[in-house]
file entry.cif (mmCIF, C-alpha atoms)
data_run
#
loop_
_atom_site.group_PDB
_atom_site.id
_atom_site.type_symbol
_atom_site.label_atom_id
_atom_site.label_comp_id
_atom_site.auth_asym_id
_atom_site.auth_seq_id
_atom_site.Cartn_x
_atom_site.Cartn_y
_atom_site.Cartn_z
ATOM 1 C CA MET A 1 12.931 -72.693 -57.507
ATOM 2 C CA THR A 2 13.372 -71.111 -60.890
ATOM 3 C CA ASP A 3 15.407 -67.936 -61.219
ATOM 4 C CA GLN A 4 12.857 -65.475 -62.570
ATOM 5 C CA SER A 5 15.266 -62.529 -62.831
ATOM 6 C CA THR A 6 17.098 -63.549 -65.991
ATOM 7 C CA ASP A 7 14.283 -63.065 -68.515
ATOM 8 C CA THR A 8 12.668 -59.884 -67.197
ATOM 9 C CA ARG A 9 14.671 -57.514 -69.358
ATOM 10 C CA ARG A 10 13.375 -58.179 -72.890
ATOM 11 C CA PRO A 11 9.710 -58.347 -74.046
ATOM 12 C CA GLY A 12 10.460 -61.284 -76.337
ATOM 13 C CA ALA A 13 11.890 -63.278 -73.462
ATOM 14 C CA ARG A 14 8.826 -62.473 -71.365
ATOM 15 C CA ARG A 15 6.472 -63.694 -74.089
ATOM 16 C CA ARG A 16 8.488 -66.885 -74.508
ATOM 17 C CA GLY A 17 8.406 -67.342 -70.744
ATOM 18 C CA ARG A 18 4.633 -66.961 -70.646
ATOM 19 C CA ALA A 19 4.237 -69.403 -73.535
ATOM 20 C CA SER A 20 6.508 -71.851 -71.740
ATOM 21 C CA ALA A 21 4.447 -71.507 -68.549
ATOM 22 C CA LEU A 22 1.231 -72.184 -70.480
ATOM 23 C CA GLY A 23 2.892 -75.201 -72.057
ATOM 24 C CA GLN A 24 3.898 -76.488 -68.627
ATOM 25 C CA ILE A 25 0.328 -76.059 -67.366
ATOM 26 C CA TRP A 26 -1.078 -77.921 -70.363
ATOM 27 C CA THR A 27 1.513 -80.678 -70.022
ATOM 28 C CA GLY A 28 0.859 -81.013 -66.314
ATOM 29 C CA LEU A 29 -2.896 -81.273 -66.830
ATOM 30 C CA THR A 30 -2.726 -83.731 -69.700
ATOM 31 C CA ARG A 31 -0.255 -86.033 -67.957
ATOM 32 C CA SER A 32 -2.511 -86.089 -64.890
ATOM 33 C CA PRO A 33 -5.736 -87.898 -65.888
ATOM 34 C CA ALA A 34 -7.493 -86.744 -62.724
ATOM 35 C CA GLY A 35 -6.422 -83.134 -63.210
ATOM 36 C CA PHE A 36 -7.470 -83.123 -66.864
ATOM 37 C CA ALA A 37 -10.822 -84.736 -66.043
ATOM 38 C CA GLY A 38 -11.357 -82.189 -63.254
ATOM 39 C CA SER A 39 -10.628 -79.313 -65.636
ATOM 40 C CA LEU A 40 -13.127 -80.653 -68.158
ATOM 41 C CA LEU A 41 -15.715 -81.112 -65.407
ATOM 42 C CA VAL A 42 -15.270 -77.531 -64.142
ATOM 43 C CA LEU A 43 -15.418 -76.179 -67.697
ATOM 44 C CA ALA A 44 -18.565 -78.201 -68.438
ATOM 45 C CA ILE A 45 -20.382 -76.940 -65.329
ATOM 46 C CA VAL A 46 -19.327 -73.331 -65.968
ATOM 47 C CA LEU A 47 -20.575 -73.526 -69.561
ATOM 48 C CA PHE A 48 -23.750 -75.231 -68.363
ATOM 49 C CA SER A 49 -24.398 -72.455 -65.844
ATOM 50 C CA PHE A 50 -23.418 -69.389 -67.892
ATOM 51 C CA LEU A 51 -24.131 -70.372 -71.493
ATOM 52 C CA GLY A 52 -26.972 -72.766 -70.774
ATOM 53 C CA PRO A 53 -29.494 -70.008 -69.960
ATOM 54 C CA LEU A 54 -28.747 -68.429 -73.358
ATOM 55 C CA LEU A 55 -29.433 -71.660 -75.236
ATOM 56 C CA ILE A 56 -32.680 -72.832 -73.662
ATOM 57 C CA ASP A 57 -36.187 -71.479 -73.924
ATOM 58 C CA GLN A 58 -36.744 -69.247 -70.884
ATOM 59 C CA ASP A 59 -40.508 -69.656 -71.031
ATOM 60 C CA ASN A 60 -41.228 -71.567 -67.813
ATOM 61 C CA PRO A 61 -44.722 -70.586 -66.605
ATOM 62 C CA THR A 62 -46.494 -71.808 -63.502
ATOM 63 C CA ASP A 63 -48.949 -74.584 -64.426
ATOM 64 C CA ILE A 64 -50.835 -76.316 -61.632
ATOM 65 C CA THR A 65 -51.857 -79.099 -64.031
ATOM 66 C CA LYS A 66 -48.205 -80.159 -64.358
ATOM 67 C CA ILE A 67 -47.142 -80.265 -60.696
ATOM 68 C CA TRP A 68 -44.555 -82.997 -59.942
ATOM 69 C CA LEU A 69 -44.557 -84.674 -63.325
ATOM 70 C CA SER A 70 -42.016 -87.474 -63.778
ATOM 71 C CA PRO A 71 -39.028 -86.971 -66.141
ATOM 72 C CA SER A 72 -39.978 -87.215 -69.816
ATOM 73 C CA SER A 73 -38.802 -86.101 -73.238
ATOM 74 C CA GLU A 74 -40.643 -82.815 -72.709
ATOM 75 C CA HIS A 75 -39.386 -82.263 -69.150
ATOM 76 C CA TRP A 76 -35.984 -83.928 -68.764
ATOM 77 C CA LEU A 77 -35.995 -83.705 -64.958
ATOM 78 C CA GLY A 78 -39.743 -83.529 -64.519
ATOM 79 C CA THR A 79 -41.518 -80.564 -62.980
ATOM 80 C CA GLN A 80 -41.571 -79.024 -59.506
ATOM 81 C CA TYR A 81 -44.170 -77.856 -57.009
ATOM 82 C CA GLU A 82 -45.393 -75.009 -59.253
ATOM 83 C CA GLY A 83 -45.494 -77.056 -62.418
ATOM 84 C CA LYS A 84 -42.311 -75.426 -63.759
ATOM 85 C CA ASP A 85 -39.660 -77.372 -65.648
ATOM 86 C CA THR A 86 -36.981 -78.525 -63.175
ATOM 87 C CA PHE A 87 -34.204 -78.673 -65.794
ATOM 88 C CA LYS A 88 -34.728 -75.029 -66.781
ATOM 89 C CA ILE A 89 -34.608 -74.004 -63.116
ATOM 90 C CA LEU A 90 -31.385 -75.987 -62.625
ATOM 91 C CA VAL A 91 -29.735 -74.343 -65.645
ATOM 92 C CA ASN A 92 -30.663 -70.850 -64.437
ATOM 93 C CA SER A 93 -29.557 -71.545 -60.845
ATOM 94 C CA GLY A 94 -25.835 -72.200 -61.270
ATOM 95 C CA SER A 95 -24.293 -68.893 -62.272
ATOM 96 C CA GLU A 96 -24.849 -66.977 -59.029
ATOM 97 C CA PRO A 97 -23.165 -69.454 -56.616
ATOM 98 C CA ILE A 98 -20.198 -69.824 -58.988
ATOM 99 C CA TRP A 99 -19.480 -66.152 -59.672
ATOM 100 C CA VAL A 100 -20.148 -65.085 -56.103
ATOM 101 C CA GLY A 101 -17.875 -67.856 -54.793
ATOM 102 C CA ALA A 102 -15.155 -66.946 -57.297
ATOM 103 C CA LEU A 103 -15.408 -63.257 -56.377
ATOM 104 C CA ALA A 104 -15.182 -64.047 -52.653
ATOM 105 C CA ALA A 105 -12.182 -66.333 -53.231
ATOM 106 C CA THR A 106 -10.456 -63.710 -55.393
ATOM 107 C CA MET A 107 -10.893 -61.101 -52.670
ATOM 108 C CA SER A 108 -9.682 -63.488 -49.957
ATOM 109 C CA VAL A 109 -6.578 -64.609 -51.862
ATOM 110 C CA THR A 110 -5.748 -61.050 -52.967
ATOM 111 C CA ILE A 111 -5.841 -59.776 -49.376
ATOM 112 C CA ALA A 112 -3.804 -62.740 -48.116
ATOM 113 C CA VAL A 113 -1.176 -62.399 -50.864
ATOM 114 C CA ALA A 114 -0.853 -58.613 -50.500
ATOM 115 C CA LEU A 115 -0.623 -58.583 -46.702
ATOM 116 C CA GLY A 116 1.367 -61.816 -46.445
ATOM 117 C CA SER A 117 3.918 -60.602 -48.994
ATOM 118 C CA ALA A 118 4.316 -57.271 -47.233
ATOM 119 C CA ALA A 119 4.688 -58.894 -43.810
ATOM 120 C CA GLY A 120 7.134 -61.545 -45.007
ATOM 121 C CA TYR A 121 9.290 -59.226 -47.092
ATOM 122 C CA PHE A 122 9.496 -56.105 -44.920
ATOM 123 C CA ARG A 123 9.116 -57.742 -41.475
ATOM 124 C CA GLY A 124 9.613 -55.362 -38.517
ATOM 125 C CA ARG A 125 6.723 -53.361 -37.108
ATOM 126 C CA LEU A 126 4.498 -53.934 -40.131
ATOM 127 C CA ASP A 127 4.852 -57.685 -39.658
ATOM 128 C CA SER A 128 3.911 -57.423 -35.971
ATOM 129 C CA ILE A 129 0.823 -55.322 -36.694
ATOM 130 C CA LEU A 130 -0.395 -57.669 -39.437
ATOM 131 C CA LEU A 131 0.179 -60.737 -37.253
ATOM 132 C CA GLN A 132 -1.891 -59.174 -34.477
ATOM 133 C CA LEU A 133 -4.632 -58.323 -36.979
ATOM 134 C CA THR A 134 -4.560 -61.908 -38.216
ATOM 135 C CA ASP A 135 -4.834 -63.295 -34.691
ATOM 136 C CA VAL A 136 -7.918 -61.159 -34.059
ATOM 137 C CA THR A 137 -9.498 -62.174 -37.382
ATOM 138 C CA VAL A 138 -8.891 -65.890 -36.793
ATOM 139 C CA THR A 139 -10.593 -65.787 -33.390
ATOM 140 C CA ILE A 140 -13.846 -64.452 -34.897
ATOM 141 C CA PRO A 141 -16.190 -67.319 -35.928
ATOM 142 C CA GLN A 142 -16.516 -66.807 -39.674
ATOM 143 C CA PHE A 143 -19.973 -68.233 -40.192
ATOM 144 C CA LEU A 144 -21.419 -66.394 -37.197
ATOM 145 C CA LEU A 145 -19.972 -63.147 -38.551
ATOM 146 C CA MET A 146 -21.588 -63.794 -41.915
ATOM 147 C CA LEU A 147 -24.904 -64.567 -40.229
ATOM 148 C CA SER A 148 -24.721 -61.305 -38.283
ATOM 149 C CA VAL A 149 -23.943 -59.214 -41.365
ATOM 150 C CA VAL A 150 -26.691 -60.845 -43.419
ATOM 151 C CA ALA A 151 -29.195 -60.380 -40.592
ATOM 152 C CA PHE A 152 -28.241 -56.697 -40.249
ATOM 153 C CA PHE A 153 -28.344 -55.955 -43.985
ATOM 154 C CA GLU A 154 -31.571 -57.663 -44.983
ATOM 155 C CA ASN A 155 -31.373 -56.791 -48.683
ATOM 156 C CA ILE A 156 -27.652 -57.303 -49.167
ATOM 157 C CA PRO A 157 -26.844 -58.043 -52.844
ATOM 158 C CA PRO A 158 -24.888 -61.142 -53.924
ATOM 159 C CA TRP A 159 -21.675 -59.149 -54.476
ATOM 160 C CA GLY A 160 -22.023 -57.836 -50.931
ATOM 161 C CA ILE A 161 -22.102 -61.388 -49.624
ATOM 162 C CA ALA A 162 -18.967 -62.093 -51.673
ATOM 163 C CA MET A 163 -17.253 -59.172 -49.953
ATOM 164 C CA VAL A 164 -18.310 -60.433 -46.517
ATOM 165 C CA VAL A 165 -17.194 -64.008 -47.186
ATOM 166 C CA GLY A 166 -13.915 -62.926 -48.788
ATOM 167 C CA SER A 167 -13.044 -60.569 -45.944
ATOM 168 C CA THR A 168 -13.351 -63.374 -43.375
ATOM 169 C CA MET A 169 -11.339 -66.078 -45.176
ATOM 170 C CA TRP A 170 -7.956 -64.442 -45.803
ATOM 171 C CA ALA A 171 -6.366 -64.848 -42.356
ATOM 172 C CA PHE A 172 -5.572 -68.557 -42.625
ATOM 173 C CA LEU A 173 -3.796 -68.171 -45.970
ATOM 174 C CA PHE A 174 -1.948 -65.052 -44.773
ATOM 175 C CA ARG A 175 0.417 -67.011 -42.514
ATOM 176 C CA SER A 176 1.301 -69.495 -45.263
ATOM 177 C CA ILE A 177 2.032 -66.724 -47.766
ATOM 178 C CA ARG A 178 4.137 -64.878 -45.189
ATOM 179 C CA ALA A 179 6.206 -67.995 -44.449
ATOM 180 C CA GLN A 180 6.742 -68.704 -48.157
ATOM 181 C CA VAL A 181 7.876 -65.130 -48.845
ATOM 182 C CA MET A 182 10.253 -65.184 -45.851
ATOM 183 C CA SER A 183 11.840 -68.331 -47.270
ATOM 184 C CA LEU A 184 12.028 -67.188 -50.890
ATOM 185 C CA LYS A 185 13.466 -63.748 -50.154
ATOM 186 C CA GLU A 186 16.684 -65.424 -48.954
ATOM 187 C CA ARG A 187 17.226 -67.197 -52.306
ATOM 188 C CA GLU A 188 20.003 -66.248 -54.687
ATOM 189 C CA PHE A 189 17.784 -64.858 -57.456
ATOM 190 C CA VAL A 190 16.140 -62.442 -55.004
ATOM 191 C CA GLU A 191 19.552 -61.316 -53.783
ATOM 192 C CA ALA A 192 20.560 -60.737 -57.406
ATOM 193 C CA ALA A 193 17.428 -58.638 -57.960
ATOM 194 C CA ARG A 194 18.246 -56.553 -54.883
ATOM 195 C CA LEU A 195 21.754 -55.908 -56.194
ATOM 196 C CA GLN A 196 20.202 -54.566 -59.407
ATOM 197 C CA ASN A 197 18.068 -52.145 -57.347
ATOM 198 C CA LEU A 198 14.832 -53.377 -58.927
ATOM 199 C CA GLY A 199 12.740 -52.128 -56.001
ATOM 200 C CA ALA A 200 10.641 -54.030 -53.476
ATOM 201 C CA PRO A 201 7.354 -54.091 -55.468
ATOM 202 C CA ARG A 202 9.051 -55.507 -58.556
ATOM 203 C CA ILE A 203 11.028 -58.047 -56.539
ATOM 204 C CA VAL A 204 7.899 -59.259 -54.776
ATOM 205 C CA PHE A 205 5.578 -59.357 -57.799
ATOM 206 C CA ARG A 206 8.086 -60.352 -60.496
ATOM 207 C CA GLU A 207 10.569 -62.540 -58.625
ATOM 208 C CA ILE A 208 8.934 -64.029 -55.526
ATOM 209 C CA LEU A 209 5.209 -64.459 -56.246
ATOM 210 C CA PRO A 210 5.660 -66.222 -59.638
ATOM 211 C CA ASN A 211 7.529 -68.952 -57.770
ATOM 212 C CA MET A 212 4.449 -69.406 -55.567
ATOM 213 C CA ALA A 213 1.945 -69.599 -58.442
ATOM 214 C CA GLY A 214 1.022 -73.233 -57.872
ATOM 215 C CA PHE A 215 0.657 -72.760 -54.128
ATOM 216 C CA ILE A 216 -1.504 -69.651 -54.588
ATOM 217 C CA PHE A 217 -3.722 -71.294 -57.188
ATOM 218 C CA VAL A 218 -4.341 -74.374 -55.056
ATOM 219 C CA ASN A 219 -5.346 -72.118 -52.180
ATOM 220 C CA PHE A 220 -7.587 -70.160 -54.532
ATOM 221 C CA VAL A 221 -9.341 -73.402 -55.434
ATOM 222 C CA ILE A 222 -9.776 -74.195 -51.749
ATOM 223 C CA ALA A 223 -11.118 -70.688 -51.160
ATOM 224 C CA VAL A 224 -13.643 -71.056 -54.011
ATOM 225 C CA ASN A 225 -14.893 -74.301 -52.464
ATOM 226 C CA GLN A 226 -15.188 -72.745 -49.019
ATOM 227 C CA ALA A 227 -16.917 -69.641 -50.374
ATOM 228 C CA ILE A 228 -19.453 -71.622 -52.392
ATOM 229 C CA TYR A 229 -20.272 -73.804 -49.400
ATOM 230 C CA ALA A 230 -20.656 -70.719 -47.178
ATOM 231 C CA ILE A 231 -22.898 -68.921 -49.670
ATOM 232 C CA VAL A 232 -25.015 -71.995 -50.385
ATOM 233 C CA GLY A 233 -25.237 -72.575 -46.631
ATOM 234 C CA LEU A 234 -26.696 -69.086 -46.147
ATOM 235 C CA TYR A 235 -29.333 -69.814 -48.781
ATOM 236 C CA VAL A 236 -30.093 -73.244 -47.329
ATOM 237 C CA LEU A 237 -30.727 -71.622 -43.945
ATOM 238 C CA GLY A 238 -33.081 -69.144 -45.604
ATOM 239 C CA LEU A 239 -31.002 -66.109 -44.626
ATOM 240 C CA MET A 240 -30.388 -64.713 -48.105
ATOM 241 C CA PRO A 241 -32.923 -62.798 -50.183
ATOM 242 C CA SER A 242 -34.164 -64.961 -53.033
ATOM 243 C CA ARG A 243 -34.115 -62.525 -55.951
ATOM 244 C CA THR A 244 -32.794 -65.040 -58.479
ATOM 245 C CA PRO A 245 -32.899 -68.852 -58.628
ATOM 246 C CA ASN A 246 -29.806 -70.664 -57.395
ATOM 247 C CA TRP A 247 -28.822 -74.112 -56.217
ATOM 248 C CA GLY A 248 -28.825 -73.116 -52.552
ATOM 249 C CA LEU A 249 -32.378 -71.819 -52.794
ATOM 250 C CA MET A 250 -33.505 -75.083 -54.425
ATOM 251 C CA ILE A 251 -32.025 -77.017 -51.511
ATOM 252 C CA HIS A 252 -33.624 -74.648 -48.999
ATOM 253 C CA ILE A 253 -37.095 -75.044 -50.541
ATOM 254 C CA SER A 254 -36.706 -78.834 -50.654
ATOM 255 C CA TRP A 255 -35.700 -78.922 -46.991
ATOM 256 C CA ARG A 256 -38.325 -76.389 -45.867
ATOM 257 C CA ASP A 257 -41.238 -78.160 -47.568
ATOM 258 C CA ASN A 258 -40.011 -81.758 -47.000
ATOM 259 C CA PHE A 259 -39.829 -82.500 -50.722
ATOM 260 C CA TYR A 260 -37.263 -85.224 -50.007
ATOM 261 C CA LEU A 261 -40.173 -87.340 -48.709
ATOM 262 C CA ASN A 262 -41.792 -87.289 -52.155
ATOM 263 C CA PRO A 263 -40.158 -89.792 -54.560
ATOM 264 C CA VAL A 264 -41.355 -87.844 -57.608
ATOM 265 C CA ALA A 265 -39.594 -84.722 -56.276
ATOM 266 C CA LEU A 266 -36.167 -86.380 -56.073
ATOM 267 C CA PRO A 267 -34.837 -84.771 -59.310
ATOM 268 C CA TYR A 268 -35.587 -81.328 -57.867
ATOM 269 C CA VAL A 269 -34.027 -82.290 -54.510
ATOM 270 C CA ILE A 270 -30.919 -84.117 -55.690
ATOM 271 C CA THR A 271 -29.750 -82.294 -58.828
ATOM 272 C CA PRO A 272 -28.518 -79.069 -57.110
ATOM 273 C CA LEU A 273 -26.610 -81.175 -54.590
ATOM 274 C CA VAL A 274 -25.056 -83.185 -57.418
ATOM 275 C CA MET A 275 -24.004 -80.032 -59.279
ATOM 276 C CA ILE A 276 -22.343 -78.548 -56.185
ATOM 277 C CA VAL A 277 -20.505 -81.786 -55.380
ATOM 278 C CA LEU A 278 -19.339 -82.284 -58.979
ATOM 279 C CA PHE A 279 -18.102 -78.710 -59.217
ATOM 280 C CA THR A 280 -16.177 -79.116 -55.968
ATOM 281 C CA ILE A 281 -14.607 -82.395 -57.089
ATOM 282 C CA GLY A 282 -13.656 -80.828 -60.411
ATOM 283 C CA LEU A 283 -12.010 -77.830 -58.737
ATOM 284 C CA VAL A 284 -10.007 -79.985 -56.334
ATOM 285 C CA THR A 285 -8.699 -82.361 -59.003
ATOM 286 C CA MET A 286 -7.943 -79.484 -61.384
ATOM 287 C CA GLY A 287 -6.058 -77.706 -58.607
ATOM 288 C CA ARG A 288 -3.917 -80.755 -57.966
ATOM 289 C CA GLY A 289 -3.107 -81.077 -61.660
ATOM 290 C CA LEU A 290 -2.132 -77.411 -61.956
ATOM 291 C CA ASP A 291 -0.088 -77.623 -58.766
ATOM 292 C CA GLN A 292 1.851 -80.449 -60.373
ATOM 293 C CA ALA A 293 2.359 -78.326 -63.487
ATOM 294 C CA LEU A 294 3.447 -75.167 -61.653
ATOM 295 C CA ASN A 295 5.435 -76.661 -58.781
ATOM 296 C CA PRO A 296 9.012 -77.307 -59.976
ATOM 297 C CA ARG A 297 9.579 -80.097 -57.436
ATOM 298 C CA LEU A 298 6.485 -82.004 -58.567
ATOM 299 C CA ARG A 299 7.168 -81.261 -62.233
ATOM 300 C CA GLU A 300 10.504 -83.033 -62.088
ATOM 301 C CA ARG A 301 8.956 -86.320 -60.900
#
call {"tool": "encode", "arguments": {"input": "entry.cif", "output": "structure tokens"}}
result
Amino acid sequence: MTDQSTDTRRPGARRRGRASALGQIWTGLTRSPAGFAGSLLVLAIVLFSFLGPLLIDQDNPTDITKIWLSPSSEHWLGTQYEGKDTFKILVNSGSEPIWVGALAATMSVTIAVALGSAAGYFRGRLDSILLQLTDVTVTIPQFLLMLSVVAFFENIPPWGIAMVVGSTMWAFLFRSIRAQVMSLKEREFVEAARLQNLGAPRIVFREILPNMAGFIFVNFVIAVNQAIYAIVGLYVLGLMPSRTPNWGLMIHISWRDNFYLNPVALPYVITPLVMIVLFTIGLVTMGRGLDQALNPRLRER
């Protein structure tokens, strides 16, 4: 592990350290073809989902004379059951699953890092209480809890679902963070920081957690994948209110109305599945590349 305590005194050293870290990330991604390709894939899908709606014509009226048209130069993916352009629907359907999944993952990882760091560093009674809380949380079936909350709050907004998903996913990462902090707090650079009376918050957030950056990011990627699958699953089951178009709702409608039996409807059925799978593959490969860049052991290979 790298001693983080030696360059925390001067702003210039901090800036050079941050620049060096960014250089290591870039080097790690570029020397890993899979990681670099995954990063480009994630970036492409994010731009497609968030900038795409700003670049295309939003006029997409219902036209019963154009129901289930085959792909053409006018309609790249054909039309759907209402005569609307499938490509325009696909472009407008990606932002919600991505930002809701990212918000849920951010909440989950933040809770796990905060509680895991506190339990691993301070130990004692606080550690016992948090371990008991984790045991209780792990025993609750996550998806059933989400189903219950969604059923109780019929008009729950997307950010509310992110809060529900994020609050049920942190327990598994908590134990890993706790174990990592317990190991790192015995290292020499942490002992040196204690001797300088830097204080527990600064030691944890400036000395210990930066050495876990790769591990935390990889788990964030995993959490994003899990959150997106959970949220899309709720839409596929028809349990979420359909205020805005999204990939999960497209899958739900295809399954509900048996569109997969209609060959002409395949673009509408398959494209949201393809986007979700590609985004997941991109996140996983990007996470591995960044783990290689941020993990000192892997970086030396």
call {"tool": "closest_residue", "arguments": {"input": "entry.cif", "among": "A:Met163, A:Leu69, A:Arg178, A:Ile251", "to": "Ser128 (chain A)", "atoms": "all atoms listed in the file"}}
result
A:Arg178
call {"tool": "closest_residue", "arguments": {"input": "entry.cif", "among": "A:Ala151, A:Ile89, A:Ala44, A:Ala37", "to": "Thr285 (chain A)", "atoms": "all atoms listed in the file"}}
result
A:Ala37
call {"tool": "closest_residue", "arguments": {"input": "entry.cif", "among": "A:Ser117, A:Asn246, A:Thr280, A:Gln196", "to": "Tyr229 (chain A)", "atoms": "all atoms listed in the file"}}
result
A:Thr280
call {"tool": "residues_around", "arguments": {"input": "entry.cif", "residues": "region 216-223 of chain A", "least_positions_apart": "6", "cutoff": "7 Å", "atoms": "only C-alpha atoms", "output": "ChimeraX atom specification"}}
result
/A:105,109,283-284,287,291
call {"tool": "atom_distance", "arguments": {"input": "entry.cif", "atom1": "CA of Met240 (chain A)", "atom2": "CA of Ile140 (chain A)"}}
result
21.2 Å
call {"tool": "closest_residue", "arguments": {"input": "entry.cif", "among": "A:Val274, A:Phe143, A:Tyr81, A:Gln58", "to": "Asn258 (chain A)", "atoms": "all atoms listed in the file"}}
result
A:Tyr81
call {"tool": "residues_around", "arguments": {"input": "entry.cif", "residues": "Ile228 (chain A)", "least_positions_apart": "2", "cutoff": "10 Å", "atoms": "all atoms listed in the file", "output": "short mmCIF file (atom, residue, chain, number, x, y, z; two decimals) with C-alpha atoms, in the frame of the given file"}}
result
data_model
loop_
_atom_site.label_atom_id
_atom_site.label_comp_id
_atom_site.auth_asym_id
_atom_site.auth_seq_id
_atom_site.Cartn_x
_atom_site.Cartn_y
_atom_site.Cartn_z
CA GLU A 96 -24.85 -66.98 -59.03
CA PRO A 97 -23.16 -69.45 -56.62
CA ILE A 98 -20.20 -69.82 -58.99
CA TRP A 99 -19.48 -66.15 -59.67
CA VAL A 100 -20.15 -65.08 -56.10
CA GLY A 101 -17.88 -67.86 -54.79
CA ALA A 102 -15.16 -66.95 -57.30
CA ALA A 104 -15.18 -64.05 -52.65
CA ALA A 105 -12.18 -66.33 -53.23
CA ALA A 162 -18.97 -62.09 -51.67
CA VAL A 165 -17.19 -64.01 -47.19
CA ALA A 223 -11.12 -70.69 -51.16
CA VAL A 224 -13.64 -71.06 -54.01
CA ASN A 225 -14.89 -74.30 -52.46
CA GLN A 226 -15.19 -72.74 -49.02
CA ALA A 230 -20.66 -70.72 -47.18
CA ILE A 231 -22.90 -68.92 -49.67
CA VAL A 232 -25.02 -72.00 -50.38
CA GLY A 233 -25.24 -72.58 -46.63
CA LEU A 234 -26.70 -69.09 -46.15
CA GLY A 248 -28.82 -73.12 -52.55
CA ILE A 276 -22.34 -78.55 -56.18
CA PHE A 279 -18.10 -78.71 -59.22
CA THR A 280 -16.18 -79.12 -55.97
#
call {"tool": "closest_residue", "arguments": {"input": "entry.cif", "among": "A:Val46, A:Phe36, A:Tyr260, A:Leu41", "to": "Ile281 (chain A)", "atoms": "only C-alpha atoms"}}
result
A:Leu41
call {"tool": "atom_distance", "arguments": {"input": "entry.cif", "atom1": "CA of Lys84 (chain A)", "atom2": "CA of Thr62 (chain A)"}}
result
5.5 Å
call {"tool": "axis_aligned_box", "arguments": {"input": "entry.cif", "around": "region 154-172 of chain A", "padding_each_side": "8 Å", "output": "AutoDock Vina command-line options"}}
result
--center_x -18.6 --center_y -62.7 --center_z -48.4 --size_x 42.0 --size_y 27.8 --size_z 28.1
call {"tool": "atom_distance", "arguments": {"input": "entry.cif", "atom1": "CA of Ile129 (chain A)", "atom2": "CA of Ala114 (chain A)"}}
result
14.3 Å
call {"tool": "decode", "arguments": {"input": "entry.cif", "residues": "region 264-276 of chain A", "atoms": "C-alpha atoms", "output": "PDB file, in the first residue's frame"}}
result
ATOM      1  CA  VAL A 264     -41.709  -7.529 -37.151  1.00  0.00           C
ATOM      2  CA  ALA A 265     -41.745  -6.474 -33.476  1.00  0.00           C
ATOM      3  CA  LEU A 266     -38.297  -7.917 -32.722  1.00  0.00           C
ATOM      4  CA  PRO A 267     -36.489  -4.518 -32.849  1.00  0.00           C
ATOM      5  CA  TYR A 268     -38.843  -3.203 -30.161  1.00  0.00           C
ATOM      6  CA  VAL A 269     -38.419  -6.393 -28.094  1.00  0.00           C
ATOM      7  CA  ILE A 270     -34.675  -6.921 -28.398  1.00  0.00           C
ATOM      8  CA  THR A 271     -33.116  -3.441 -28.411  1.00  0.00           C
ATOM      9  CA  PRO A 272     -33.786  -2.573 -24.713  1.00  0.00           C
ATOM     10  CA  LEU A 273     -32.362  -5.943 -23.694  1.00  0.00           C
ATOM     11  CA  VAL A 274     -29.283  -5.311 -25.834  1.00  0.00           C
ATOM     12  CA  MET A 275     -28.752  -1.860 -24.312  1.00  0.00           C
ATOM     13  CA  ILE A 276     -28.973  -3.203 -20.751  1.00  0.00           C
TER      14      ILE A 276
END
